[in-house]
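Text of final38.cif, listed as mmCIF, C-alpha atoms:
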data_structure
loop_
_atom_site.label_atom_id
_atom_site.label_comp_id
_atom_site.auth_asym_id
_atom_site.auth_seq_id
_atom_site.Cartn_x
_atom_site.Cartn_y
_atom_site.Cartn_z
CA MET A 1 121.04 109.31 132.61
CA ASP A 2 119.73 112.81 131.94
CA PHE A 3 116.88 113.30 129.47
CA SER A 4 116.53 117.03 130.09
CA LEU A 5 117.43 119.72 127.59
CA SER A 6 119.91 122.43 128.52
CA PRO A 7 118.59 125.98 129.06
CA GLU A 8 120.02 126.93 125.66
CA GLU A 9 118.34 123.97 123.96
CA LEU A 10 115.03 124.78 125.61
CA GLN A 11 115.32 128.38 124.44
CA ILE A 12 115.99 127.27 120.85
CA ARG A 13 113.04 124.87 120.93
CA ASP A 14 110.68 127.48 122.38
CA THR A 15 111.85 130.13 119.90
CA ILE A 16 111.27 127.78 116.98
CA ARG A 17 107.84 126.84 118.33
CA ALA A 18 106.88 130.48 118.67
CA PHE A 19 108.13 131.22 115.15
CA VAL A 20 106.07 128.35 113.72
CA GLU A 21 102.94 129.42 115.59
CA ARG A 22 103.33 133.13 114.83
CA GLU A 23 104.74 133.17 111.30
CA VAL A 24 104.08 129.81 109.66
CA MET A 25 100.79 128.35 110.92
CA PRO A 26 98.77 131.45 109.92
CA LEU A 27 99.66 130.63 106.31
CA GLU A 28 97.92 127.24 106.43
CA PRO A 29 94.55 128.49 105.06
CA GLU A 30 96.37 130.11 102.15
CA VAL A 31 98.22 126.86 101.43
CA LEU A 32 94.97 124.89 101.44
CA ARG A 33 93.23 127.38 99.13
CA SER A 34 96.13 127.37 96.70
CA GLU A 35 96.44 123.59 96.61
CA ARG A 36 92.70 123.10 96.11
CA ALA A 37 92.95 125.44 93.12
CA GLY A 38 95.83 123.41 91.71
CA GLY A 39 98.50 125.86 92.83
CA PRO A 40 101.92 125.26 94.39
CA GLY A 41 100.94 125.88 98.01
CA LEU A 42 102.83 129.11 98.65
CA ASP A 43 104.40 131.72 96.42
CA PRO A 44 108.21 131.31 96.41
CA GLU A 45 108.57 134.94 97.50
CA VAL A 46 106.54 134.25 100.65
CA LEU A 47 108.82 131.34 101.51
CA ARG A 48 111.89 133.48 100.79
CA ASP A 49 110.63 136.20 103.14
CA LEU A 50 109.99 133.60 105.85
CA ARG A 51 113.54 132.29 105.53
CA LEU A 52 114.92 135.82 105.80
CA LYS A 53 112.87 136.42 108.97
CA ALA A 54 114.25 133.21 110.42
CA LYS A 55 117.77 134.19 109.39
CA LYS A 56 117.49 137.46 111.33
CA MET A 57 116.65 135.35 114.38
CA GLY A 58 119.79 133.26 113.87
CA PHE A 59 118.14 130.23 112.31
CA TRP A 60 120.16 129.70 109.15
CA GLY A 61 121.97 126.53 108.20
CA ILE A 62 120.66 124.58 111.19
CA ASN A 63 123.14 121.75 110.71
CA THR A 64 125.64 123.59 108.50
CA PRO A 65 129.20 123.97 109.88
CA GLU A 66 129.99 127.39 111.32
CA GLU A 67 132.84 127.86 108.83
CA TYR A 68 130.17 127.99 106.11
CA GLY A 69 128.00 130.45 108.02
CA GLY A 70 125.70 127.89 109.60
CA ALA A 71 124.43 127.44 113.15
CA ALA A 72 125.85 123.91 113.49
CA LEU A 73 123.23 122.94 116.08
CA GLY A 74 123.95 119.25 115.69
CA PRO A 75 121.82 116.14 115.19
CA VAL A 76 119.79 116.21 118.41
CA MET A 77 118.72 119.84 118.08
CA SER A 78 118.10 119.32 114.36
CA ALA A 79 115.70 116.49 115.24
CA ILE A 80 113.96 118.63 117.87
CA ILE A 81 113.62 121.49 115.39
CA ALA A 82 112.19 119.04 112.82
CA MET A 83 109.58 118.00 115.39
CA GLU A 84 108.56 121.63 115.79
CA MET A 85 108.46 122.17 112.03
CA GLY A 86 106.34 119.04 111.65
CA ARG A 87 103.53 120.75 113.55
CA THR A 88 102.54 122.57 110.36
CA PHE A 89 101.99 121.36 106.82
CA VAL A 90 103.18 124.64 105.31
CA PRO A 91 106.07 123.66 102.99
CA PHE A 92 108.64 125.74 104.84
CA SER A 93 112.21 124.88 105.70
CA PHE A 94 115.06 126.98 107.05
CA GLY A 95 117.61 128.19 104.55
CA GLY A 96 121.37 127.91 104.57
CA SER A 97 121.71 124.16 104.15
CA ALA A 98 123.17 121.85 101.53
CA ASP A 99 123.30 118.10 100.93
CA ASN A 100 125.82 116.53 103.28
CA ILE A 101 127.77 114.79 100.51
CA LEU A 102 128.54 118.10 98.79
CA TYR A 103 131.09 118.67 101.55
CA ALA A 104 133.05 115.80 99.98
CA GLY A 105 133.69 117.93 96.90
CA THR A 106 136.93 119.54 95.79
CA GLU A 107 137.55 123.19 96.59
CA GLU A 108 136.41 124.11 93.09
CA GLN A 109 133.25 122.01 93.44
CA LYS A 110 132.52 123.65 96.78
CA ARG A 111 132.88 127.06 95.12
CA ARG A 112 130.56 126.15 92.25
CA TYR A 113 127.99 123.98 94.04
CA LEU A 114 128.23 123.85 97.83
CA ILE A 115 128.55 127.56 98.68
CA PRO A 116 125.86 128.76 96.23
CA THR A 117 123.49 126.07 97.56
CA ILE A 118 124.05 127.15 101.16
CA GLU A 119 123.47 130.77 100.15
CA GLY A 120 120.26 129.86 98.35
CA GLU A 121 121.52 130.76 94.90
CA ARG A 122 121.44 127.20 93.57
CA ARG A 123 119.14 124.21 94.08
CA SER A 124 120.22 120.59 94.07
CA CYS A 125 118.59 117.19 93.86
CA PHE A 126 119.79 113.69 94.67
CA ALA A 127 119.19 111.07 91.98
CA ILE A 128 119.76 107.37 92.58
CA THR A 129 116.27 105.80 92.36
CA GLU A 130 115.32 104.32 88.98
CA PRO A 131 112.15 102.71 87.57
CA GLY A 132 113.67 99.26 88.18
CA ALA A 133 115.81 100.15 91.19
CA GLY A 134 113.89 101.69 94.05
CA SER A 135 114.61 99.97 97.34
CA ASP A 136 117.36 97.97 95.64
CA ALA A 137 119.75 100.82 94.92
CA ARG A 138 122.45 98.31 93.95
CA SER A 139 120.50 97.51 90.78
CA ILE A 140 120.81 100.91 89.11
CA ARG A 141 121.37 100.78 85.36
CA THR A 142 122.12 104.38 84.43
CA ARG A 143 125.49 104.23 82.70
CA ALA A 144 128.36 106.67 82.42
CA VAL A 145 130.94 105.92 79.72
CA LYS A 146 134.29 107.70 79.45
CA ASP A 147 134.78 109.69 76.25
CA GLY A 148 137.95 111.77 76.20
CA GLY A 149 137.85 114.18 79.11
CA ASP A 150 134.12 113.71 79.64
CA TRP A 151 131.72 111.06 80.87
CA VAL A 152 128.58 110.46 78.82
CA ILE A 153 125.53 109.57 80.92
CA ASN A 154 122.46 107.71 79.72
CA GLY A 155 119.55 106.52 81.81
CA GLU A 156 116.45 107.50 83.75
CA LYS A 157 115.87 108.40 87.38
CA THR A 158 112.46 108.51 89.04
CA PHE A 159 110.75 109.90 92.15
CA ILE A 160 113.44 112.53 92.56
CA THR A 161 112.56 115.10 95.22
CA GLY A 162 113.19 118.63 93.95
CA GLY A 163 114.02 117.32 90.49
CA ASN A 164 111.75 119.82 88.75
CA GLU A 165 113.21 122.81 90.56
CA ALA A 166 116.90 121.86 90.74
CA ASP A 167 119.51 123.46 88.51
CA PHE A 168 122.03 120.70 89.22
CA VAL A 169 121.82 117.05 90.21
CA MET A 170 123.99 114.60 92.11
CA VAL A 171 123.41 111.66 89.79
CA PHE A 172 124.68 108.14 90.39
CA ALA A 173 125.70 106.05 87.40
CA VAL A 174 127.46 102.75 86.77
CA THR A 175 131.01 103.36 85.56
CA ASP A 176 132.24 99.76 85.92
CA PRO A 177 129.52 97.13 85.34
CA ASP A 178 131.77 94.31 86.52
CA LYS A 179 132.18 95.86 89.97
CA GLY A 180 128.68 97.31 90.28
CA ALA A 181 127.96 98.74 93.73
CA ASN A 182 131.29 97.39 95.00
CA GLY A 183 133.45 100.04 93.38
CA GLY A 184 131.68 100.54 90.07
CA VAL A 185 129.18 103.33 90.81
CA THR A 186 130.18 107.00 90.60
CA CYS A 187 128.45 110.23 91.61
CA PHE A 188 128.49 113.09 89.10
CA LEU A 189 127.55 116.74 89.53
CA ALA A 190 125.51 117.55 86.44
CA ASP A 191 124.16 121.03 85.71
CA ARG A 192 120.76 121.21 84.05
CA ASP A 193 122.25 123.06 81.10
CA MET A 194 124.37 119.96 80.41
CA GLY A 195 121.21 118.49 78.89
CA TRP A 196 119.24 116.38 81.36
CA LYS A 197 115.48 116.90 81.44
CA SER A 198 112.82 116.53 84.11
CA GLU A 199 109.11 115.77 84.12
CA PRO A 200 106.79 116.08 87.15
CA ILE A 201 105.18 112.91 88.54
CA PRO A 202 101.62 113.44 89.90
CA THR A 203 101.10 111.91 93.34
CA MET A 204 98.24 111.49 95.82
CA GLY A 205 99.86 114.00 98.17
CA GLN A 206 101.66 117.31 97.86
CA TRP A 207 105.07 115.72 97.31
CA GLY A 208 106.06 116.68 93.76
CA PRO A 209 108.82 114.33 92.60
CA ALA A 210 110.24 114.21 89.10
CA SER A 211 111.45 111.81 86.48
CA LEU A 212 114.90 112.73 85.15
CA VAL A 213 116.07 111.66 81.72
CA PHE A 214 119.72 111.56 80.65
CA GLU A 215 120.37 111.17 76.93
CA ASP A 216 124.05 111.49 76.04
CA VAL A 217 124.59 114.04 78.80
CA ARG A 218 128.26 114.98 78.82
CA VAL A 219 129.79 115.68 82.22
CA PRO A 220 133.44 116.75 82.65
CA GLU A 221 135.82 114.51 84.59
CA ASP A 222 136.21 117.33 87.10
CA ASN A 223 132.54 116.94 88.04
CA ILE A 224 132.99 113.57 89.70
CA LEU A 225 131.96 113.99 93.34
CA GLY A 226 134.26 112.04 95.63
CA GLU A 227 136.22 109.22 94.05
CA LEU A 228 135.63 107.32 90.83
CA GLY A 229 133.73 104.13 91.67
CA ARG A 230 133.00 105.14 95.28
CA GLY A 231 129.59 106.68 94.62
CA PHE A 232 127.56 104.01 96.38
CA GLU A 233 129.21 104.84 99.69
CA LEU A 234 128.34 108.51 99.17
CA ALA A 235 124.75 107.56 98.39
CA MET A 236 124.44 105.59 101.62
CA GLN A 237 125.89 108.55 103.54
CA TRP A 238 123.23 110.82 102.04
CA ILE A 239 120.40 108.40 102.78
CA GLY A 240 121.59 107.36 106.21
CA GLN A 241 122.48 110.70 107.78
CA GLY A 242 119.01 112.17 107.65
CA ARG A 243 116.91 109.04 108.09
CA TYR A 244 116.07 109.95 111.69
CA MET A 245 114.76 113.32 110.51
CA ILE A 246 111.74 111.66 108.88
CA PRO A 247 110.26 110.30 112.13
CA ALA A 248 111.17 113.61 113.79
CA ARG A 249 108.79 115.51 111.53
CA ALA A 250 106.25 112.70 111.93
CA VAL A 251 106.28 113.21 115.71
CA GLY A 252 105.48 116.92 115.31
CA SER A 253 102.65 116.25 112.86
CA ALA A 254 101.18 113.54 115.07
CA GLU A 255 101.27 115.75 118.17
CA ARG A 256 99.52 118.58 116.35
CA MET A 257 96.82 116.28 115.04
CA LEU A 258 96.32 114.54 118.37
CA GLN A 259 95.75 117.92 120.00
CA MET A 260 93.14 118.65 117.32
CA ALA A 261 91.43 115.36 118.21
CA ILE A 262 91.52 116.14 121.94
CA ASP A 263 90.03 119.61 121.38
CA TYR A 264 87.32 118.25 119.08
CA ALA A 265 86.43 115.35 121.37
CA ASN A 266 85.81 117.77 124.24
CA ILE A 267 83.27 119.87 122.29
CA ARG A 268 81.63 117.35 119.94
CA MET A 269 78.39 116.20 121.52
CA SER A 270 76.80 112.82 120.86
CA MET A 271 73.82 111.39 122.69
CA GLY A 272 73.91 114.13 125.25
CA LYS A 273 77.59 114.19 126.19
CA PRO A 274 81.01 115.00 124.71
CA ILE A 275 82.49 112.11 122.74
CA ALA A 276 85.57 112.48 124.95
CA GLU A 277 83.60 110.62 127.62
CA TYR A 278 83.28 107.50 125.48
CA GLN A 279 85.85 104.78 126.08
CA ALA A 280 86.33 104.15 122.35
CA ILE A 281 87.53 107.73 121.88
CA GLN A 282 89.65 107.68 125.04
CA TRP A 283 91.49 104.57 123.93
CA MET A 284 92.30 106.08 120.53
CA ILE A 285 93.70 109.16 122.24
CA ALA A 286 95.66 107.13 124.80
CA ASP A 287 97.14 104.76 122.20
CA SER A 288 98.17 107.70 120.05
CA GLN A 289 99.96 109.41 122.94
CA VAL A 290 101.85 106.23 123.84
CA GLU A 291 102.96 105.68 120.24
CA ILE A 292 104.02 109.31 119.78
CA GLU A 293 106.17 109.24 122.92
CA ALA A 294 107.81 105.98 121.87
CA ALA A 295 108.59 107.40 118.41
CA LYS A 296 109.95 110.61 119.93
CA TRP A 297 112.51 108.84 122.10
CA LEU A 298 113.54 106.34 119.45
CA THR A 299 114.20 109.29 117.14
CA LEU A 300 116.19 111.24 119.71
CA HIS A 301 118.19 108.13 120.54
CA ALA A 302 119.20 107.76 116.88
CA ALA A 303 120.12 111.47 116.72
CA TRP A 304 122.12 111.13 119.94
CA ARG A 305 124.12 108.25 118.45
CA VAL A 306 124.95 110.41 115.44
CA ARG A 307 126.02 113.26 117.72
CA GLU A 308 128.27 110.96 119.73
CA GLY A 309 129.95 109.62 116.59
CA MET A 310 128.47 106.15 117.07
CA ASP A 311 127.07 103.87 114.36
CA ALA A 312 123.45 105.02 114.13
CA ARG A 313 122.26 102.99 111.15
CA HIS A 314 120.40 100.36 113.16
CA ALA A 315 118.85 102.91 115.51
CA SER A 316 117.84 105.11 112.57
CA SER A 317 116.11 102.21 110.83
CA ILE A 318 114.17 101.42 114.00
CA ALA A 319 113.18 105.08 114.43
CA LYS A 320 112.19 105.48 110.80
CA LEU A 321 110.06 102.32 110.72
CA ASN A 322 108.36 103.08 114.01
CA GLY A 323 107.78 106.77 113.28
CA ALA A 324 106.32 106.21 109.82
CA VAL A 325 103.88 103.56 111.01
CA MET A 326 102.99 105.64 114.09
CA ALA A 327 102.13 108.73 112.06
CA ASN A 328 99.81 106.77 109.79
CA GLN A 329 98.04 105.15 112.72
CA VAL A 330 97.60 108.46 114.52
CA VAL A 331 96.24 110.36 111.53
CA ASP A 332 93.79 107.53 110.86
CA ARG A 333 92.50 107.72 114.44
CA VAL A 334 92.30 111.51 114.34
CA LEU A 335 90.26 111.35 111.15
CA GLN A 336 88.00 108.74 112.75
CA ILE A 337 87.44 110.89 115.82
CA HIS A 338 86.43 113.81 113.60
CA GLY A 339 84.03 111.58 111.68
CA GLY A 340 82.63 113.01 108.48
CA MET A 341 84.28 116.38 109.03
CA GLY A 342 87.68 114.71 109.13
CA TYR A 343 87.05 113.31 105.64
CA THR A 344 86.23 116.70 104.16
CA LYS A 345 88.62 119.28 102.79
CA GLU A 346 87.33 121.81 105.30
CA LEU A 347 89.97 120.48 107.70
CA PRO A 348 93.60 119.66 106.89
CA ILE A 349 93.35 116.12 108.30
CA GLU A 350 92.72 114.48 104.92
CA ARG A 351 95.72 116.35 103.53
CA TRP A 352 97.92 115.05 106.31
CA TYR A 353 96.45 111.59 105.71
CA ARG A 354 97.72 111.64 102.13
CA GLU A 355 101.01 113.32 102.94
CA LEU A 356 102.01 111.03 105.81
CA ARG A 357 101.37 107.90 103.78
CA LEU A 358 104.55 108.73 101.90
CA LEU A 359 106.66 108.23 105.03
CA ARG A 360 106.25 104.47 104.79
CA ILE A 361 107.71 104.48 101.28
CA PHE A 362 110.47 107.03 100.68
CA GLU A 363 113.98 106.99 102.18
CA GLY A 364 113.60 103.23 102.66
CA THR A 365 110.24 101.44 102.74
CA ASP A 366 108.86 99.73 105.83
CA GLU A 367 109.91 96.44 104.30
CA ILE A 368 113.49 97.59 103.75
CA GLN A 369 113.72 98.86 107.33
CA ARG A 370 112.46 95.52 108.65
CA ARG A 371 114.94 93.70 106.44
CA THR A 372 117.78 95.89 107.72
CA ILE A 373 116.82 95.50 111.37
CA ALA A 374 116.39 91.74 111.12
CA ARG A 375 119.61 91.27 109.15
CA ASN A 376 121.59 93.29 111.69
CA LEU A 377 120.29 91.11 114.51
CA LEU A 378 120.67 87.80 112.70
CA ARG A 379 124.24 88.57 111.62
CA GLY A 380 125.28 89.92 114.99
CA HIS A 381 125.80 93.50 113.83
CA ALA A 382 123.33 94.64 116.50
CA ARG A 383 122.71 93.04 119.89
CA LEU A 384 119.72 92.95 122.20
CA GLY A 385 119.91 94.26 125.74
CA THR A 386 122.39 97.06 125.12
CA ILE A 387 122.10 100.59 126.51
CA GLY A 388 124.29 103.46 125.34
CA GLU A 389 126.70 101.19 123.48
#
Encoded form using structure tokens:
Amino acid sequence: MDFSLSPEELQIRDTIRAFVEREVMPLEPEVLRSERAGGPGLDPEVLRDLRLKAKKMGFWGINTPEEYGGAALGPVMSAIIAMEMGRTFVPFSFGGSADNILYAGTEEQKRRYLIPTIEGERRSCFAITEPGAGSDARSIRTRAVKDGGDWVINGEKTFITGGNEADFVMVFAVTDPDKGANGGVTCFLADRDMGWKSEPIPTMGQWGPASLVFEDVRVPEDNILGELGRGFELAMQWIGQGRYMIPARAVGSAERMLQMAIDYANIRMSMGKPIAEYQAIQWMIADSQVEIEAAKWLTLHAAWRVREGMDARHASSIAKLNGAVMANQVVDRVLQIHGGMGYTKELPIERWYRELRLLRIFEGTDEIQRRTIARNLLRGHARLGTIGE
């Protein structure tokens, strides 16, 4: 069993780390100033220039197939890169990627949606969550009714990431109420100019989701993504493929914050000595390191299963649950170690505190992950005591 990275993988990781430290982290003060003034964090042109710099270095379409101009680095390297990107709160991501389910489109759909998204000319969003159907995606009520050569969509979606910026949406609607999620849900590609509207939803963190409203939005038959009635399977593919990427970013954030706590503990004096010499502080640092390492390897194990073509759903749920809880515990300890300064907006800790709280909710709540893990064990879909199976 070899846990080492290849020389090429190490080079990629180190290059990404250097890029983040040299090009991205210096923008953190600007992000904080902008957000405190009610701004968007970074000007879109700054982000565009960063992506172009990364592209010149070969980092474009990290997990995009080579035939579409991507680097196709695979799940494990994608997770490692996400860990490196998690070390900063600057809202930067590499360009050249598209939602995985867009590859299920027809050649015409790929020409109109997939390729322009990869090239950065179009922006998408994924819309399945509704006001009454969050964790229970099978309970969606948005309806699509056939009318001639079109489908007419009515309903509301909520907490849609990128919904305010997207110019097209992958929206899931019930096309056969009798079948429901078992063959009665369809995914439609709907351009914004087809009539759907979005409204921003204020949140406690920097995540800016949207509410989408569909009122008699007409979508051509040709805009069905995948097969009629098979949308729920596509939705689960979208949700499941990247679930391990959430704890990957959490690992990077937690490592960065723990290093901040270590540095601060060594210089902060209390009662004549650094607080690093107090057992209470040492235990918080030790517990955080143990939890980060556990989350790191659970995440890489899930990514490895994806790479090997194995069923990774159970492993991804374990990694997501563990990583989300870990990140919240670590940021709480780091804030505690910094004391009053950690609670101020002079440091980014309170921002991370608010941002990381989201991890326990989106892409499957803690409760849903526990339900999934327990159900898999109780029904025999997953077994204890297995290694590499």
For segment 121-133 of chain A, work out the shell of residues within 7 Å, counting only C-alpha atoms and skipping chain neighbours fewer than 5 positions away, then give it as a PyMOL selection string. chain A and resi 116+139-140+156-163+166-172
Can you pull out every residue within 9 Å of segment 220-228 of chain A, counting only C-alpha atoms, but drop anything in the same chain fewer than 4 positions away, and send it as number ranges by chain? A: 101-102, 104-106, 109, 146, 149-152, 170, 175, 183-190, 234
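Compared by their closest atoms to Tyr103 of chain A, and using only C-alpha atoms, the residues A:Gln237, A:Thr365, A:Ser78, A:Thr344 rank with A:Gln237 nearest.
Computed from the coordinates, the atom CA of Thr142 of chain A to atom CA of Tyr113 of chain A distance equals 22.6 Å.
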Hits of the PyMOL selection byres ((chain A and resi 331) around 12) in this structure, as a PyMOL selection string: chain A and resi 250-261+284-285+288+291-292+324-330+332-338+342-343+348-357
Which residue gives the smallest distance to Ala98 of chain A among A:Asp178, A:Glu293, A:Trp238, A:Arg17, with only C-alpha atoms counted? A:Trp238
Can you give me, as an mmCIF file with C-alpha atoms, in the frame of the given file, the residues this file yields under the PyMOL selection byres ((chain A and resi 72) around 12)?
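Output file part_16.cif is given in full below:
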data_model
loop_
_atom_site.group_PDB
_atom_site.id
_atom_site.type_symbol
_atom_site.label_atom_id
_atom_site.label_comp_id
_atom_site.auth_asym_id
_atom_site.auth_seq_id
_atom_site.Cartn_x
_atom_site.Cartn_y
_atom_site.Cartn_z
ATOM 1 C CA GLY A 58 119.790 133.260 113.870
ATOM 2 C CA PHE A 59 118.140 130.230 112.310
ATOM 3 C CA TRP A 60 120.160 129.700 109.150
ATOM 4 C CA GLY A 61 121.970 126.530 108.200
ATOM 5 C CA ILE A 62 120.660 124.580 111.190
ATOM 6 C CA ASN A 63 123.140 121.750 110.710
ATOM 7 C CA THR A 64 125.640 123.590 108.500
ATOM 8 C CA PRO A 65 129.200 123.970 109.880
ATOM 9 C CA GLU A 66 129.990 127.390 111.320
ATOM 10 C CA GLU A 67 132.840 127.860 108.830
ATOM 11 C CA TYR A 68 130.170 127.990 106.110
ATOM 12 C CA GLY A 69 128.000 130.450 108.020
ATOM 13 C CA GLY A 70 125.700 127.890 109.600
ATOM 14 C CA ALA A 71 124.430 127.440 113.150
ATOM 15 C CA LEU A 73 123.230 122.940 116.080
ATOM 16 C CA GLY A 74 123.950 119.250 115.690
ATOM 17 C CA PRO A 75 121.820 116.140 115.190
ATOM 18 C CA VAL A 76 119.790 116.210 118.410
ATOM 19 C CA MET A 77 118.720 119.840 118.080
ATOM 20 C CA SER A 78 118.100 119.320 114.360
ATOM 21 C CA GLY A 96 121.370 127.910 104.570
ATOM 22 C CA SER A 97 121.710 124.160 104.150
ATOM 23 C CA ARG A 307 126.020 113.260 117.720
#
For Arg313 of chain A, the nearest of the candidates A:Arg13, A:Ile275, A:Gly339, A:Gly242, counting all atoms listed in the file: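 When distances to Arg313 of chain A are compared using all atoms listed in the file, the smallest one comes from A:Gly242.
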Gap from atom CA of Met194 of chain A to atom CA of Asp176 of chain A - Å, one decimal: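 Those two atoms sit 22.4 Å apart.
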Can you work out the spacing between atom CA of Val219 of chain A and atom CA of Arg112 of chain A in Å, to one decimal? 14.5 Å
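On the file presented, the PyMOL selection byres ((chain A and resi 374-387) around 12) picks out Met1, His301, Arg305, Asp311, Ala312, Arg313, His314, Ala315, Ser317, Ile318, Glu367, Ile368, Gln369, Arg370, Arg371, Thr372, Ile373, Gly388 and Glu389 of chain A.
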Pick from A:Thr117, A:Gln11, A:Asn182, A:Asn100 nearest to Ile81 of chain A, counting only C-alpha atoms: A:Gln11
In terms of the shortest atom-to-atom distance over all atoms listed in the file, which of A:Ile115, A:Met271, A:Met204, A:Ala235 is closest to Leu358 of chain A?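 Looking only at the distances to Leu358 of chain A, the closest residue turns out to be A:Met204.
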Under the rule that all atoms listed in the file are counted, which of A:Glu35, A:Glu363, A:Glu30, A:Glu21 is the nearest residue to Gly86 of chain A? A:Glu21
